[in-house]
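Visitor: This is the structure, below, for whatever I ask next.
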Amino acid sequence: MKAIILSAGQGRRLLPLTAETPKCLIPFSGKPLLEWQVRSLASAGVTEIVVVTGFEAAKVDAALDAIKLSGVSLRTTHNPFFELADNLASCWIARHEMKQPFLILNGDTLIEPEISKAVLADPPVAPITVTIDRKGDYDSDDMKVRDKDGRLFAIGKTLPLDLVTGESIGCLRFTDEGAKIFVAEIERLLRSEDGLKRWYLSAIDGIARYHGEVVGVRSIEGKEWSELDFPADLDRGVAMTDGWAKRGL
């Protein structure tokens with residue numbers, strides 16, 4: 001299994017911490033975020049990991065070189081447009097890597113190893129599977145979803161709250177068929193006038209709305225993860241990774 005980690009961004013909402021350090025290299029309990037992600041994926045059997053770089057790419061390359069994992073191939077592909085475009089462009093840059101079953105993981109999502117194992121434990125529920133969590137309420141920055149009976153109907157930050165049933169954690173699984181559909185939608189959207197300003201999950205939203213049962217969901221309720229966007233998220237991330245380290249993860 002291959003995983004693609006989208007780590008091109010700087011993380012401006014965390015300035016000045018990210019003035020010279022990409023968000024993916026912020027340390028948590030002695031390891032950069034990227035290393036926690038790599039080790040989580042490797043623990044679930046992922047043997048090939050491609051990191052899409054952008055801001056301070058050389059530092060990300062060096063951090064990957066320092067990670068020693070037997071049987072796991074680590075490499076990067078560079079997005080030179082990271083300052084001009086959102087992460088749909090990072091997926092377009094990496095589309096040549098999407099010719100087999102693979103995972104996408106957002107570069108700012110911290111996940112415990114059990115999540116990676118849960119995502120890969122069973123046969124995929126659909127050609128494209130969105131990993132979701134559920135909670136009591138949702139804020140404007142959550143990537144909200146509407147799902148029912150294992151099928152995704154819509155995904156986006158602006159979904160009406162009365163339709164929201166969960167949120168995406170930023171981890172998706174693709175089969176061969178799902179990869180072909182996703183790449184075709186990426187290429188279609190980037191031809192549009194606002195293509196460079198789109199998130200890649202807008203492609204997933206379009207596929208879910210217009211391609212029937214192509215997109216499914218898998219919930220990881222009860223497992224630990226965090227999106228790292230704001231200073232308060234960093235404290236939560238440190239608390240989680242401290243706990244994982246104590247448990248020997």
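Labels for the structure tokens follow display order: chains A, B, ..., residues from 1 in each chain, ligands from 1.
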Would you kindly return, as a list in words, each protein, DNA or RNA residue with an atom no farther than 12 Å from any atom of Asp139 of chain A, considering only C-alpha atoms and excluding same-chain residues fewer than 6 positions away?

Guide: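 My reading of the contact set: Gly156, Lys157, Thr158, Leu159, Pro160, Leu161, Val164, Gly166 and Glu167 of chain A.
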
Visitor: Quick one: residues within 8 Å of segment 63-75 of chain A, only C-alpha atoms counted, chain neighbours fewer than 2 positions away excluded, as a VMD selection string?

Guide: chain A and resid 25 35 42 46 to 51 59 to 61 77

Visitor: Might you pull out every residue within 9 Å of segment 106-112 of chain A, with only C-alpha atoms counted and same-chain residues fewer than 5 positions away left off, and present them as a VMD selection string?

Guide: chain A and resid 4 to 9 11 23 to 24 33 to 34 36 to 37 40 51 to 52 169 to 171 223 to 229 237 240 to 241 244 249

Visitor: Which polymer residues have any atom within 7 Å of an atom of Leu103 of chain A, counting only C-alpha atoms, with same-chain residues fewer than 4 positions away left out, as a ChimeraX atom specification?

Guide: /A:2-4,171-174

Visitor: Can you list, as a list in words, all residues belonging to segment 116-163 of chain A that DSSP tags as strand (DSSP E)?

Guide: Ile128, Thr129, Val130, Thr131, Ile132, Asp133, Lys144, Val145, Arg146, Asp147, Lys148, Arg151, Leu152, Phe153, Ala154, Ile155 and Gly156 of chain A

Visitor: Okay, now the selection with C-alpha atoms, as a short mmCIF file (atom, residue, chain, number, x, y, z; two decimals), in the first residue's frame?

Guide:
```cif
data_model
loop_
_atom_site.label_atom_id
_atom_site.label_comp_id
_atom_site.auth_asym_id
_atom_site.auth_seq_id
_atom_site.Cartn_x
_atom_site.Cartn_y
_atom_site.Cartn_z
CA ILE A 128 -13.11 6.11 -2.43
CA THR A 129 -13.39 5.94 1.36
CA VAL A 130 -13.35 9.05 3.54
CA THR A 131 -12.29 8.51 7.17
CA ILE A 132 -14.61 10.43 9.49
CA ASP A 133 -15.21 11.15 13.16
CA LYS A 144 -18.00 18.61 7.67
CA VAL A 145 -19.69 15.66 5.97
CA ARG A 146 -23.18 14.41 5.28
CA ASP A 147 -23.36 10.63 5.20
CA LYS A 148 -25.91 7.85 5.59
CA ARG A 151 -22.31 6.50 1.77
CA LEU A 152 -20.99 10.06 1.53
CA PHE A 153 -23.40 12.60 0.06
CA ALA A 154 -21.48 15.86 0.58
CA ILE A 155 -18.31 17.25 2.17
CA GLY A 156 -17.24 20.84 2.86
#
```

Visitor: What is the atom CA of Ser202 of chain A-atom CA of Leu88 of chain A distance in Å, reported with one decimal?

Guide: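 Here the two named atoms are 8.3 Å from each other.
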
Visitor: Using only C-alpha atoms, which residue out of A:Ala44, A:Val217, A:Ala184, A:Ala57 lies closest to Ile115 of chain A?

Guide: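 Among the listed residues, A:Ala44 lies closest to Ile115 of chain A.
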
Visitor: Would you give me, as an NGL selection string, the residues in segment 144-219 of chain A that DSSP reads as helix (DSSP H, G or I)?

Guide: :A and (161-163 or 176-190 or 195-197 or 201-210 or 212-214)

Visitor: Keeping C-alpha atoms for every residue in the selection just given, could you write it to a file as a JSON list (two decimals), in the first residue's frame?

Guide:
```
[["chain", "number", "residue", "atom", "x", "y", "z"],
["A", 161, "LEU", "CA", -25.29, 22.32, 10.32],
["A", 162, "ASP", "CA", -28.68, 20.62, 10.23],
["A", 163, "LEU", "CA", -27.31, 18.27, 7.53],
["A", 176, "ASP", "CA", -7.74, 1.43, -8.56],
["A", 177, "GLU", "CA", -11.18, 2.54, -9.72],
["A", 178, "GLY", "CA", -11.34, 5.33, -7.16],
["A", 179, "ALA", "CA", -7.90, 6.58, -8.19],
["A", 180, "LYS", "CA", -8.95, 6.89, -11.85],
["A", 181, "ILE", "CA", -12.14, 8.77, -10.94],
["A", 182, "PHE", "CA", -10.27, 11.09, -8.56],
["A", 183, "VAL", "CA", -7.50, 11.95, -11.04],
["A", 184, "ALA", "CA", -10.06, 12.69, -13.76],
["A", 185, "GLU", "CA", -11.92, 15.05, -11.41],
["A", 186, "ILE", "CA", -8.68, 16.79, -10.34],
["A", 187, "GLU", "CA", -7.79, 17.46, -13.97],
["A", 188, "ARG", "CA", -11.30, 18.72, -14.73],
["A", 189, "LEU", "CA", -11.33, 21.13, -11.78],
["A", 190, "LEU", "CA", -7.90, 22.56, -12.52],
["A", 195, "GLY", "CA", -9.18, 25.63, -9.89],
["A", 196, "LEU", "CA", -5.98, 26.85, -8.23],
["A", 197, "LYS", "CA", -7.93, 28.01, -5.16],
["A", 201, "LEU", "CA", -11.87, 17.62, -1.00],
["A", 202, "SER", "CA", -13.97, 19.75, -3.35],
["A", 203, "ALA", "CA", -13.17, 17.07, -5.93],
["A", 204, "ILE", "CA", -14.41, 14.42, -3.51],
["A", 205, "ASP", "CA", -17.57, 16.48, -2.91],
["A", 206, "GLY", "CA", -18.27, 16.65, -6.64],
["A", 207, "ILE", "CA", -17.73, 12.91, -7.07],
["A", 208, "ALA", "CA", -19.99, 12.14, -4.10],
["A", 209, "ARG", "CA", -22.80, 14.34, -5.39],
["A", 210, "TYR", "CA", -22.79, 13.20, -9.01],
["A", 212, "GLY", "CA", -23.73, 7.68, -6.96],
["A", 213, "GLU", "CA", -22.11, 5.26, -4.53],
["A", 214, "VAL", "CA", -18.49, 5.86, -5.49]]
```
